[in-house]
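Novice: Structure file target.csv, CSV, C-alpha atoms and all ligand atoms, is pasted below:
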chain,number,residue,atom,x,y,z
A,1,MET,CA,17.3,-24.2,27.5
A,2,LYS,CA,16.8,-26.8,30.3
A,3,ILE,CA,13.6,-29.0,30.0
A,4,GLY,CA,11.0,-28.7,32.7
A,5,LEU,CA,10.2,-26.0,35.1
A,6,LYS,CA,11.4,-28.0,38.1
A,7,GLU,CA,15.1,-27.5,37.1
A,8,ARG,CA,14.7,-23.8,36.7
A,9,LYS,CA,13.8,-21.1,39.2
A,10,ILE,CA,10.6,-19.2,38.6
A,11,HIS,CA,10.7,-15.7,40.0
A,12,SER,CA,7.1,-15.1,41.1
A,13,PHE,CA,5.7,-11.8,42.2
A,14,LYS,CA,2.4,-10.3,43.4
A,15,SER,CA,3.1,-7.1,41.6
A,16,LEU,CA,5.9,-5.7,39.4
A,17,SER,CA,6.2,-2.7,37.1
A,18,SER,CA,6.6,-5.1,34.2
A,19,THR,CA,8.0,-8.6,34.1
A,20,ASN,CA,10.1,-7.6,31.0
A,21,ASP,CA,11.6,-4.7,33.0
A,22,TYR,CA,12.4,-7.1,35.9
A,23,ALA,CA,14.1,-9.5,33.4
A,24,GLN,CA,16.1,-6.5,32.1
A,25,GLU,CA,17.3,-5.7,35.6
A,26,MET,CA,18.3,-9.3,36.2
A,27,LEU,CA,20.3,-9.2,33.0
A,28,ALA,CA,22.0,-6.0,34.0
A,29,LYS,CA,23.2,-7.6,37.2
A,30,GLY,CA,24.3,-11.0,35.9
A,31,LYS,CA,23.6,-13.9,33.5
A,32,PRO,CA,20.5,-15.8,34.7
A,33,THR,CA,20.1,-19.4,33.5
A,34,GLU,CA,18.6,-19.7,30.0
A,35,GLY,CA,14.9,-20.2,30.3
A,36,THR,CA,14.6,-18.3,33.6
A,37,ILE,CA,11.0,-17.2,34.0
A,38,ILE,CA,9.6,-14.2,35.7
A,39,ILE,CA,5.8,-14.1,36.4
A,40,SER,CA,3.7,-11.5,38.2
A,41,ALA,CA,0.0,-11.5,39.3
A,42,ALA,CA,-0.1,-7.8,38.4
A,43,GLN,CA,1.9,-5.2,36.5
A,44,THR,CA,1.7,-1.5,37.2
A,45,HIS,CA,3.3,-0.6,33.9
A,46,GLY,CA,2.7,-3.6,31.6
A,47,LYS,CA,4.2,-2.9,28.2
A,48,GLY,CA,2.7,-3.7,24.9
A,49,THR,CA,4.3,-3.4,21.4
A,50,GLY,CA,5.3,0.1,20.3
A,51,LEU,CA,3.9,2.7,22.8
A,52,ASN,CA,1.0,0.5,23.9
A,53,THR,CA,0.4,-0.6,27.5
A,54,TRP,CA,-0.8,-4.1,28.5
A,55,GLU,CA,-3.8,-4.2,30.8
A,56,SER,CA,-4.6,-7.2,33.0
A,57,GLU,CA,-6.8,-7.7,36.0
A,58,PRO,CA,-4.6,-8.7,39.0
A,59,GLY,CA,-4.3,-12.5,39.4
A,60,LYS,CA,-6.5,-13.4,36.4
A,61,ASN,CA,-4.0,-13.7,33.5
A,62,LEU,CA,-0.6,-15.0,32.7
A,63,LEU,CA,2.0,-12.3,32.7
A,64,ALA,CA,5.4,-13.9,32.0
A,65,SER,CA,8.9,-13.1,30.7
A,66,ILE,CA,11.4,-15.7,29.7
A,67,ILE,CA,15.1,-15.0,29.3
A,68,LEU,CA,16.8,-16.7,26.3
A,69,TYR,CA,20.2,-16.6,24.8
A,70,PRO,CA,19.7,-17.4,21.1
A,71,ASP,CA,23.4,-17.0,20.3
A,72,PHE,CA,23.1,-19.4,17.4
A,73,LEU,CA,20.9,-16.9,15.6
A,74,PRO,CA,22.3,-14.1,13.5
A,75,ALA,CA,20.9,-10.7,14.4
A,76,ASP,CA,19.4,-10.2,11.0
A,77,LYS,CA,17.3,-13.3,11.5
A,78,GLN,CA,15.5,-12.0,14.5
A,79,PHE,CA,12.1,-12.3,13.1
A,80,LEU,CA,12.5,-16.1,13.3
A,81,LEU,CA,12.4,-15.8,17.0
A,82,ASN,CA,9.0,-14.0,16.7
A,83,LYS,CA,7.8,-16.8,14.6
A,84,CYS,CA,9.1,-19.5,17.0
A,85,ILE,CA,7.5,-17.9,20.1
A,86,SER,CA,4.2,-17.1,18.2
A,87,LEU,CA,4.0,-20.8,17.2
A,88,ALA,CA,4.7,-21.9,20.8
A,89,VAL,CA,2.0,-19.6,22.2
A,90,LEU,CA,-0.4,-20.6,19.5
A,91,LYS,CA,0.0,-24.3,20.5
A,92,CYS,CA,-0.5,-23.5,24.1
A,93,ILE,CA,-3.8,-21.7,23.4
A,94,LYS,CA,-4.9,-24.5,21.1
A,95,HIS,CA,-4.3,-26.9,23.9
A,96,PHE,CA,-6.8,-25.1,26.1
A,97,LEU,CA,-9.2,-24.1,23.3
A,98,PRO,CA,-9.1,-27.2,21.0
A,99,ASP,CA,-12.4,-26.3,19.3
A,100,GLU,CA,-11.7,-22.7,18.5
A,101,ASN,CA,-10.2,-21.0,15.5
A,102,ILE,CA,-6.8,-19.8,16.8
A,103,SER,CA,-4.4,-17.9,14.6
A,104,ILE,CA,-1.4,-15.6,14.7
A,105,LYS,CA,-2.2,-12.0,13.7
A,106,TRP,CA,0.9,-10.6,12.2
A,107,PRO,CA,3.4,-10.0,13.6
A,108,ASN,CA,2.8,-11.9,16.8
A,109,ASP,CA,-0.6,-11.4,18.4
A,110,LEU,CA,-2.7,-14.4,19.2
A,111,TYR,CA,-6.3,-14.3,18.0
A,112,VAL,CA,-9.4,-16.4,18.5
A,113,GLY,CA,-11.5,-15.6,15.5
A,114,THR,CA,-11.3,-11.8,15.3
A,115,LYS,CA,-10.6,-11.3,19.1
A,116,LYS,CA,-7.2,-10.9,20.7
A,117,ILE,CA,-6.4,-13.4,23.5
A,118,GLY,CA,-2.7,-12.8,23.8
A,119,GLY,CA,0.3,-10.7,22.9
A,120,ILE,CA,4.0,-11.1,22.8
A,121,LEU,CA,6.7,-8.4,23.4
A,122,ILE,CA,10.2,-9.5,22.5
A,123,GLN,CA,13.1,-7.3,23.5
A,124,ASN,CA,16.4,-8.2,22.0
A,125,THR,CA,19.9,-7.1,22.9
A,126,ILE,CA,22.2,-7.5,20.0
A,127,SER,CA,26.0,-7.5,20.1
A,128,GLY,CA,27.8,-7.2,16.7
A,129,HIS,CA,26.0,-9.6,14.4
A,130,TYR,CA,24.6,-11.9,17.1
A,131,PHE,CA,22.1,-12.0,19.9
A,132,GLN,CA,23.4,-11.3,23.3
A,133,ASN,CA,20.1,-11.9,25.1
A,134,CYS,CA,16.4,-11.8,24.5
A,135,ILE,CA,13.5,-11.2,26.8
A,136,VAL,CA,10.3,-12.8,25.7
A,137,GLY,CA,7.3,-11.2,27.3
A,138,ILE,CA,4.0,-13.0,27.0
A,139,GLY,CA,0.6,-11.8,28.1
A,140,LEU,CA,-2.3,-14.4,27.9
A,141,ASN,CA,-5.9,-13.6,28.9
A,142,ILE,CA,-7.0,-16.6,30.9
A,143,ASN,CA,-9.6,-16.0,33.6
A,144,GLN,CA,-10.5,-12.3,33.1
A,145,GLU,CA,-14.2,-11.8,32.2
A,146,ASN,CA,-14.5,-8.1,31.9
A,147,PHE,CA,-12.2,-5.9,29.9
A,148,SER,CA,-11.9,-2.1,29.8
A,149,GLU,CA,-14.0,-0.4,27.0
A,150,SER,CA,-10.9,1.1,25.5
A,151,LEU,CA,-9.5,-2.3,24.4
A,152,PRO,CA,-10.8,-2.9,20.9
A,153,ASN,CA,-11.4,-6.7,20.8
A,154,PRO,CA,-10.1,-8.7,23.8
A,155,CYS,CA,-11.1,-12.2,24.9
A,156,SER,CA,-10.1,-14.8,27.4
A,157,ILE,CA,-10.2,-18.6,27.9
A,158,LYS,CA,-12.8,-18.2,30.7
A,159,GLN,CA,-15.1,-16.0,28.5
A,160,LEU,CA,-15.0,-18.7,25.7
A,161,THR,CA,-15.3,-21.8,27.8
A,162,GLY,CA,-16.9,-20.6,31.1
A,163,MET,CA,-14.2,-22.6,32.9
A,164,GLU,CA,-11.3,-21.3,35.1
A,165,VAL,CA,-7.9,-22.6,34.2
A,166,THR,CA,-5.0,-22.4,36.7
A,167,LEU,CA,-2.2,-20.1,35.7
A,168,LYS,CA,0.3,-22.7,36.8
A,169,LYS,CA,-1.2,-25.2,34.3
A,170,VAL,CA,-1.0,-22.6,31.5
A,171,LEU,CA,2.6,-21.7,32.4
A,172,GLU,CA,3.6,-25.4,32.4
A,173,THR,CA,2.0,-26.0,29.0
A,174,LEU,CA,3.5,-22.8,27.6
A,175,ASP,CA,6.9,-23.8,28.8
A,176,ILE,CA,6.7,-27.2,27.1
A,177,PHE,CA,5.8,-25.7,23.7
A,178,ILE,CA,8.4,-22.9,24.0
A,179,HIS,CA,11.0,-25.5,24.6
A,180,GLU,CA,9.8,-27.5,21.6
A,181,GLU,CA,9.7,-24.6,19.2
A,182,TYR,CA,13.0,-23.1,20.5
A,183,SER,CA,14.7,-26.5,20.0
A,184,ASN,CA,13.4,-26.6,16.4
A,185,LEU,CA,14.8,-23.1,15.8
A,186,ALA,CA,18.2,-24.1,17.3
A,187,LYS,CA,18.3,-27.2,15.1
A,188,GLY,CA,17.7,-25.0,12.1
A,189,TYR,CA,14.3,-26.3,11.1
A,190,ILE,CA,13.6,-23.0,9.4
A,191,ASP,CA,11.6,-24.0,6.4
A,192,GLU,CA,9.1,-25.9,8.6
A,193,MET,CA,8.8,-22.9,10.9
A,194,ASN,CA,8.2,-20.5,8.1
A,195,ALA,CA,5.5,-22.9,6.7
A,196,LYS,CA,3.8,-23.4,10.0
A,197,TYR,CA,3.8,-19.6,10.6
A,198,LEU,CA,2.1,-19.0,7.3
A,199,GLN,CA,-0.4,-21.9,7.8
A,200,ASN,CA,-1.5,-20.3,11.1
A,201,LEU,CA,-1.4,-16.7,10.0
A,202,LEU,CA,-4.7,-14.8,10.2
A,203,ASN,CA,-6.0,-13.8,6.7
A,204,TYR,CA,-3.3,-15.6,4.9
A,205,GLN,CA,-4.2,-15.9,1.2
A,206,LYS,CA,-7.7,-14.5,2.0
A,207,VAL,CA,-9.3,-11.3,0.8
A,208,ALA,CA,-9.7,-9.0,3.8
A,209,LYS,CA,-10.0,-5.3,4.6
A,210,TYR,CA,-7.1,-3.1,5.7
A,211,LYS,CA,-6.2,0.5,6.4
A,212,ALA,CA,-2.9,2.1,5.6
A,213,GLY,CA,-2.6,5.8,6.3
A,214,ASP,CA,-6.0,7.2,5.1
A,215,GLU,CA,-6.5,4.5,2.6
A,216,LEU,CA,-9.0,1.7,3.0
A,217,PHE,CA,-8.6,-1.3,0.8
A,218,GLU,CA,-9.1,-5.0,0.2
A,219,GLY,CA,-6.1,-7.1,-0.2
A,220,VAL,CA,-4.6,-10.6,0.2
A,221,ILE,CA,-1.7,-11.4,2.6
A,222,CYS,CA,0.7,-13.3,0.4
A,223,GLY,CA,3.7,-13.6,2.7
A,224,VAL,CA,6.0,-12.2,5.4
A,225,SER,CA,9.6,-11.1,4.5
A,226,GLU,CA,12.7,-12.4,6.2
A,227,PHE,CA,12.8,-9.2,8.2
A,228,GLY,CA,9.1,-9.5,9.2
A,229,LYS,CA,7.4,-7.1,6.8
A,230,LEU,CA,3.9,-8.1,5.8
A,231,HIS,CA,3.3,-8.6,2.1
A,232,VAL,CA,-0.1,-7.7,0.9
A,233,THR,CA,-1.3,-7.9,-2.7
A,234,VAL,CA,-3.9,-5.5,-4.1
A,235,GLY,CA,-4.8,-6.2,-7.7
A,236,ASP,CA,-1.6,-6.9,-9.4
A,237,LYS,CA,0.6,-5.0,-7.0
A,238,THR,CA,2.2,-6.3,-3.8
A,239,SER,CA,3.4,-3.9,-1.1
A,240,ALA,CA,5.4,-4.5,2.1
A,241,PHE,CA,4.3,-3.1,5.4
A,242,ASP,CA,6.1,-2.5,8.6
A,243,PHE,CA,4.4,-2.9,12.0
A,244,LYS,CA,2.0,0.1,12.5
A,245,GLU,CA,1.9,0.9,8.8
A,246,ILE,CA,-1.2,-1.3,8.3
A,247,VAL,CA,-4.3,-1.9,10.4
A,248,PHE,CA,-6.5,-5.0,10.1
A,249,LEU,CA,-10.2,-4.1,9.8
A,250,PHE,CA,-12.8,-6.5,11.2
A,251,ASP,CA,-16.5,-6.0,10.5
B,1,LIG,C1,1.2,-6.7,22.7
B,1,LIG,O1,0.4,-7.4,22.2
B,1,LIG,O2,1.1,-5.4,22.6
B,1,LIG,C2,2.3,-7.3,23.5
B,1,LIG,C3,1.8,-7.5,24.9
B,1,LIG,C4,2.9,-8.2,25.8
B,1,LIG,C5,2.4,-8.2,27.3
B,1,LIG,C6,3.3,-9.0,28.1
B,1,LIG,S1,2.7,-9.2,29.7
B,1,LIG,C7,4.2,-9.8,30.3
B,1,LIG,C8,5.3,-9.0,29.7
B,1,LIG,N1,5.6,-7.9,30.5
B,1,LIG,C9,5.2,-6.7,29.9
B,1,LIG,O3,5.3,-5.6,30.4
B,1,LIG,N2,4.7,-7.0,28.7
B,1,LIG,C10,4.7,-8.4,28.4
For this file, write the structure as structure tokens.

Specialist:
Amino acid sequence: MKIGLKERKIHSFKSLSSTNDYAQEMLAKGKPTEGTIIISAAQTHGKGTGLNTWESEPGKNLLASIILYPDFLPADKQFLLNKCISLAVLKCIKHFLPDENISIKWPNDLYVGTKKIGGILIQNTISGHYFQNCIVGIGLNINQENFSESLPNPCSIKQLTGMEVTLKKVLETLDIFIHEEYSNLAKGYIDEMNAKYLQNLLNYQKVAKYKAGDELFEGVICGVSEFGKLHVTVGDKTSAFDFKEIVFLFD
């Protein structure tokens, strides 16, 4: 991935269905340069993880998709890419909110305390045992002050600091950190990445409340498997959870 936004084209739009969908269309037509960025001020069908949608007031937040070709990474190691991008987005938010408690909520949400400031949607195309391409979709709440009631716990940089930040500055900062973390991944610094992910993981090694099915319980996150499952210990038993199998409960 080339360093610096100046050498790469940023595809910028006023409105798109979804920046991830646009990236998908570009990939269907050709092979855009690695690191190509698509941003849009608004999305009519912004996508979240699973069946969720992603809401954002037009012009207020960063809505970006980045095209990567992590062909050095075996397909069964795809959760490493989640870690790599989560760490890059974490660093970006820490840069703008140096005094806040920022963490990664498994698998790859970005939280300030118990409030969500950003989300990541990675869509991979695998060919055989390796990655063909990867679309990294990032939504970061920057200048939005009011959120719809239906969202459980959103927050933005402006709400926390009272200050506006330009989306250009956020994108430039994010790009630097993505480059840094993605280079670390390509160089094979896996142990360091795993350690940093756990160090910054919300509730890691802490007693906290969860819900799985109809069951409410207190447990301790003790790790994340190679394939991205969350390991939670309750008493002397550790269980592995897939995304959507466990809900974090905040008082
Ligand atoms: C989540 O937390 O559910 C993931 C949200 C990802 C949202 C971003 S916004 C830019 C990109 N385009 C999309 O349609 N989704 C991602």

Novice: Give the residue list for ligand LIG 1 (chain B) at 9 Å, counting only C-alpha atoms and all ligand atoms, as a count of residues only, sorted by chain and then by residue number.

Specialist: 43

Novice: Identify which of the residues A:Glu172, A:Glu25, A:Glu57, A:Glu34 lies closest to A:Pro70, counting all atoms listed in the file when measuring atom-to-atom distances.

Specialist: A:Glu34

Novice: Contacts of A:Ile126 at 10 Å or less, counting all atoms listed in the file, minus same-chain residues fewer than 6 places along, as a list in words?

Specialist: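 Near neighbours after the sequence-gap exclusion: Asp71, Pro74, Ala75, Asp76, Gln78, Gln132, Asn133 and Cys134 of chain A.
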
Novice: Save the residues we just selected, C-alpha atoms, as an mmCIF file, in the coordinates of the input?

Specialist:
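Result went into again_24.cif, see below:
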data_model
loop_
_atom_site.group_PDB
_atom_site.id
_atom_site.type_symbol
_atom_site.label_atom_id
_atom_site.label_comp_id
_atom_site.auth_asym_id
_atom_site.auth_seq_id
_atom_site.Cartn_x
_atom_site.Cartn_y
_atom_site.Cartn_z
ATOM 1 C CA ASP A 71 23.400 -17.000 20.300
ATOM 2 C CA PRO A 74 22.300 -14.100 13.500
ATOM 3 C CA ALA A 75 20.900 -10.700 14.400
ATOM 4 C CA ASP A 76 19.400 -10.200 11.000
ATOM 5 C CA GLN A 78 15.500 -12.000 14.500
ATOM 6 C CA GLN A 132 23.400 -11.300 23.300
ATOM 7 C CA ASN A 133 20.100 -11.900 25.100
ATOM 8 C CA CYS A 134 16.400 -11.800 24.500
#

Novice: Between A:Val165, A:His11, A:Leu73, A:Leu97, which one has atoms that come closest to A:Ala186, using all atoms listed in the file?

Specialist: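 Of A:Val165, A:His11, A:Leu73, A:Leu97, the one nearest A:Ala186 is A:Leu73, counting all atoms listed in the file.
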
Novice: Go through A:Asn101, A:Gln24, A:Phe241, A:His95 one by one, measure the shortest atom-to-atom distance of each to A:Lys169 using all atoms listed in the file, and give the residue with the smallest value.

Specialist: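 Looking at the shortest contact to A:Lys169, the residue is A:His95.
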
Novice: Restricting the calculation to all atoms listed in the file: of A:Leu90, A:Leu202, A:Met193, A:Leu81, which residue gets closest to A:Asn124?

Specialist: A:Leu81

Novice: One number please: atom CA of A:Ile221 to atom CA of A:Phe243, in Å, one decimal.

Specialist: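 These atoms are spaced 14.1 Å apart.
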
Novice: Between atom CA of A:Gly59 and atom CA of A:Gln159, what is the spacing in Å?

Specialist: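 Value for the atom CA of A:Gln159-atom CA of A:Gly59 distance: 15.7 Å.
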
Novice: Between atom CA of A:Val232 and atom CA of A:Leu216, what is the spacing in Å?

Specialist: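 Here the two named atoms are 13.1 Å from each other.
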
Novice: Can you tell me, as a ChimeraX atom specification, which residues sit within 12 Å of (-6.7, 0.1, 2.1) in the file's frame, using all atoms listed in the file?

Specialist: /A:207-220,232-235,239,241,245-249

Novice: Pick from A:Glu149, A:Gly188, A:Thr36, A:Ile142: nearest to A:Leu167, with all atoms listed in the file counted?

Specialist: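 The closest residue to A:Leu167 is A:Ile142.
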
Novice: Using only C-alpha atoms, can you tell me which of A:Thr33, A:Ser86, A:Ser15, A:Ser127 comes closest to A:Leu174?

Specialist: A:Ser86

Novice: What's the 8 Å shell around A:Gly113, counting all atoms listed in the file, without same-chain residues fewer than 5 positions away, as number ranges by chain?

Specialist: A: 100-103

Novice: Write out as a ChimeraX atom specification which residues come within 10 Å of A:Val224 when counting all atoms listed in the file, dropping same-chain ones fewer than 3 positions away.

Specialist: /A:79,106-107,194,197-198,201,204,221,227-232,240-241

Novice: Just C-alpha atoms for this one: save the residues we selected as a compact mmCIF listing (two decimals), in the coordinates of the input.

Specialist:
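Listed below is the output, part.txt:
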# COMPACT_ATOMS: atom_id res chain seq x y z
CA PHE A 79 12.10 -12.30 13.10
CA TRP A 106 0.90 -10.60 12.20
CA PRO A 107 3.40 -10.00 13.60
CA ASN A 194 8.20 -20.50 8.10
CA TYR A 197 3.80 -19.60 10.60
CA LEU A 198 2.10 -19.00 7.30
CA LEU A 201 -1.40 -16.70 10.00
CA TYR A 204 -3.30 -15.60 4.90
CA ILE A 221 -1.70 -11.40 2.60
CA PHE A 227 12.80 -9.20 8.20
CA GLY A 228 9.10 -9.50 9.20
CA LYS A 229 7.40 -7.10 6.80
CA LEU A 230 3.90 -8.10 5.80
CA HIS A 231 3.30 -8.60 2.10
CA VAL A 232 -0.10 -7.70 0.90
CA ALA A 240 5.40 -4.50 2.10
CA PHE A 241 4.30 -3.10 5.40

Novice: The residues within 12 Å of (-16.2, -23.0, 29.4), using all atoms listed in the file and the coordinates of the file, should be reported as a PyMOL selection string; which are they?

Specialist: chain A and resi 96-100+142-143+145+156-165

Novice: To test the calculation: enclose all listed atoms of stretch 16-24 of chain A in a box whose edges run along x, y and z, add 6 Å on each side, then state centre and edge lengths in Å to one decimal, as lines of an AutoDock Vina configuration file.

Specialist:
center_x = 11.0
center_y = -6.1
center_z = 35.2
size_x = 22.2
size_y = 18.8
size_z = 20.4
